[in-house]
Amino acid sequence: QVQLVESGGGLVQTGSSLRLSCSAFGRNFGNYAMGWFRQAPGKERVFVAAISFSWTAGSTYYADAMKGRFTISRDNAKNTIYLQMNSLKPEDTAVYYCAAGHSWIYSDWATGDYGLDYWGKGTLVTVSS
């Protein structure tokens, strides 16, 4: 069992940067690929980014809309992953969720439908215009 706790959300202005954290509590953190999803008000949850297992070279996936602005990383010593978000826009406003999964297949992460085992409760990011 793994518990995921997100933090770092808040209210920021357009163009600002924010770093989200997701701390994992439980066993075998390194055995999970980790990632972020977000859900804007009135919309479905969508994939943001993912990073592979601890023993790999830190391979990453990004949704096309986030490439170049968002960076995912993991600190295995702290059982934590991060999402650095730069040049934030009002359309980035959403609840951001952390996920842990046994899959490293892109389609699993892109859809969020399979291979993802644990979810956090989310942290709200609001970007004002």
# chains A, B, ... in the order shown; residues from 1 in each chain; ligands from 1
>>> select_by_dssp(residues="chain A", states="strand (DSSP E)", output="ChimeraX atom specification")
/A:2-7,10-13,18-26,33-39,45-51,60-62,70-75,80-85,94-101,116-119,123-128
>>> residues_around(residues="A:Gly122", least_positions_apart="6", cutoff="9 Å", atoms="only C-alpha atoms", output="number ranges by chain")
A: 5-7, 9, 38, 95-98
>>> closest_residue(among="A:Ser73, A:Asn79, A:Gln13, A:Thr93", to="A:Arg27", atoms="only C-alpha atoms")
A:Asn79
>>> closest_residue(among="A:Gly26, A:Gly112, A:Gly8, A:Gly35", to="A:Ser59", atoms="only C-alpha atoms")
A:Gly35
>>> residues_around(residues="A:Thr71", least_positions_apart="6", cutoff="8 Å", atoms="only C-alpha atoms", output="list of chain:residue names")
A:Ala49, A:Tyr82, A:Leu83, A:Gln84, A:Met85
>>> closest_residue(among="A:Leu88, A:Val125, A:Ile51, A:Ala77", to="A:Asn28", atoms="only C-alpha atoms")
A:Ala77
>>> residues_around(residues="A:Asp108", least_positions_apart="6", cutoff="12 Å", atoms="only C-alpha atoms", output="PyMOL selection string")
chain A and resi 33+35+46-47+49-50+61+99-102+114-117
>>> select_by_dssp(residues="stretch 50-120 of chain A", states="alpha helix (DSSP H)", output="ChimeraX atom specification")
/A:106-111
>>> atom_distance(atom1="atom CA of A:Leu18", atom2="atom CA of A:Thr80")
16.0 Å
>>> closest_residue(among="A:Ser87, A:Gln3, A:Asn76, A:Ser128", to="A:Asn31", atoms="only C-alpha atoms")
A:Asn76
>>> residues_around(residues="A:Lys78", least_positions_apart="4", cutoff="12 Å", atoms="only C-alpha atoms", output="ChimeraX atom specification")
/A:21-26,29-30,54,73-74,82
>>> write_last_selection(atoms="N, CA and C atoms", output="mmCIF file, in the first residue's frame")
data_model
loop_
_atom_site.group_PDB
_atom_site.id
_atom_site.type_symbol
_atom_site.label_atom_id
_atom_site.label_comp_id
_atom_site.auth_asym_id
_atom_site.auth_seq_id
_atom_site.Cartn_x
_atom_site.Cartn_y
_atom_site.Cartn_z
ATOM 1 N N SER A 21 4.801 19.167 -5.053
ATOM 2 C CA SER A 21 5.476 17.994 -4.508
ATOM 3 C C SER A 21 4.460 16.894 -4.248
ATOM 4 N N CYS A 22 4.927 15.675 -4.356
ATOM 5 C CA CYS A 22 4.102 14.519 -4.008
ATOM 6 C C CYS A 22 4.976 13.570 -3.208
ATOM 7 N N SER A 23 4.631 13.411 -1.943
ATOM 8 C CA SER A 23 5.380 12.514 -1.067
ATOM 9 C C SER A 23 4.668 11.178 -0.982
ATOM 10 N N ALA A 24 5.444 10.122 -1.075
ATOM 11 C CA ALA A 24 4.895 8.765 -1.021
ATOM 12 C C ALA A 24 5.236 8.116 0.309
ATOM 13 N N PHE A 25 4.228 7.529 0.920
ATOM 14 C CA PHE A 25 4.404 6.837 2.191
ATOM 15 C C PHE A 25 4.033 5.382 1.977
ATOM 16 N N GLY A 26 4.980 4.516 2.248
ATOM 17 C CA GLY A 26 4.736 3.100 2.033
ATOM 18 C C GLY A 26 6.000 2.435 1.539
ATOM 19 N N PHE A 29 8.852 2.523 -2.954
ATOM 20 C CA PHE A 29 8.585 3.715 -3.779
ATOM 21 C C PHE A 29 9.273 3.605 -5.130
ATOM 22 N N GLY A 30 10.504 3.093 -5.115
ATOM 23 C CA GLY A 30 11.265 3.021 -6.354
ATOM 24 C C GLY A 30 10.690 2.083 -7.383
ATOM 25 N N SER A 54 12.707 4.076 -10.230
ATOM 26 C CA SER A 54 13.935 4.650 -9.685
ATOM 27 C C SER A 54 15.192 4.059 -10.295
ATOM 28 N N SER A 73 10.319 15.512 -11.894
ATOM 29 C CA SER A 73 11.544 14.919 -11.369
ATOM 30 C C SER A 73 11.191 14.085 -10.140
ATOM 31 N N ARG A 74 12.136 13.248 -9.741
ATOM 32 C CA ARG A 74 11.908 12.446 -8.545
ATOM 33 C C ARG A 74 13.165 12.403 -7.700
ATOM 34 N N TYR A 82 8.334 15.740 -8.005
ATOM 35 C CA TYR A 82 8.051 17.164 -8.130
ATOM 36 C C TYR A 82 7.507 17.464 -9.531
#
>>> closest_residue(among="A:Thr60, A:Ser107, A:Gln39, A:Ser129", to="A:Leu11", atoms="only C-alpha atoms")
A:Ser129
>>> decode(residues="stretch 30-57 of chain A", atoms="C-alpha atoms", output="mmCIF file, in the first residue's frame")
data_model
loop_
_atom_site.group_PDB
_atom_site.id
_atom_site.type_symbol
_atom_site.label_atom_id
_atom_site.label_comp_id
_atom_site.auth_asym_id
_atom_site.auth_seq_id
_atom_site.Cartn_x
_atom_site.Cartn_y
_atom_site.Cartn_z
ATOM 1 C CA GLY A 30 11.265 3.021 -6.354
ATOM 2 C CA ASN A 31 9.211 0.229 -7.885
ATOM 3 C CA TYR A 32 6.558 2.633 -9.081
ATOM 4 C CA ALA A 33 6.518 4.950 -11.992
ATOM 5 C CA MET A 34 5.113 8.256 -10.809
ATOM 6 C CA GLY A 35 3.183 10.989 -12.485
ATOM 7 C CA TRP A 36 0.829 13.934 -12.439
ATOM 8 C CA PHE A 37 -2.659 14.473 -13.749
ATOM 9 C CA ARG A 38 -4.890 17.493 -13.516
ATOM 10 C CA GLN A 39 -8.580 18.205 -13.573
ATOM 11 C CA ALA A 40 -9.882 21.639 -14.413
ATOM 12 C CA PRO A 41 -13.320 22.758 -13.213
ATOM 13 C CA GLY A 42 -16.029 21.037 -15.207
ATOM 14 C CA LYS A 43 -13.573 18.993 -17.239
ATOM 15 C CA GLU A 44 -12.188 15.481 -17.222
ATOM 16 C CA ARG A 45 -8.926 14.547 -15.620
ATOM 17 C CA VAL A 46 -5.998 14.669 -18.056
ATOM 18 C CA PHE A 47 -2.440 13.445 -18.064
ATOM 19 C CA VAL A 48 0.343 15.943 -17.377
ATOM 20 C CA ALA A 49 3.650 14.122 -16.945
ATOM 21 C CA ALA A 50 5.220 10.908 -15.684
ATOM 22 C CA ILE A 51 8.637 9.643 -14.673
ATOM 23 C CA SER A 52 9.867 6.070 -14.721
ATOM 24 C CA PHE A 53 11.030 3.757 -11.954
ATOM 25 C CA SER A 54 13.935 4.650 -9.685
ATOM 26 C CA TRP A 55 16.354 2.158 -11.240
ATOM 27 C CA THR A 56 15.960 3.581 -14.723
ATOM 28 C CA ALA A 57 17.577 6.647 -16.230
#
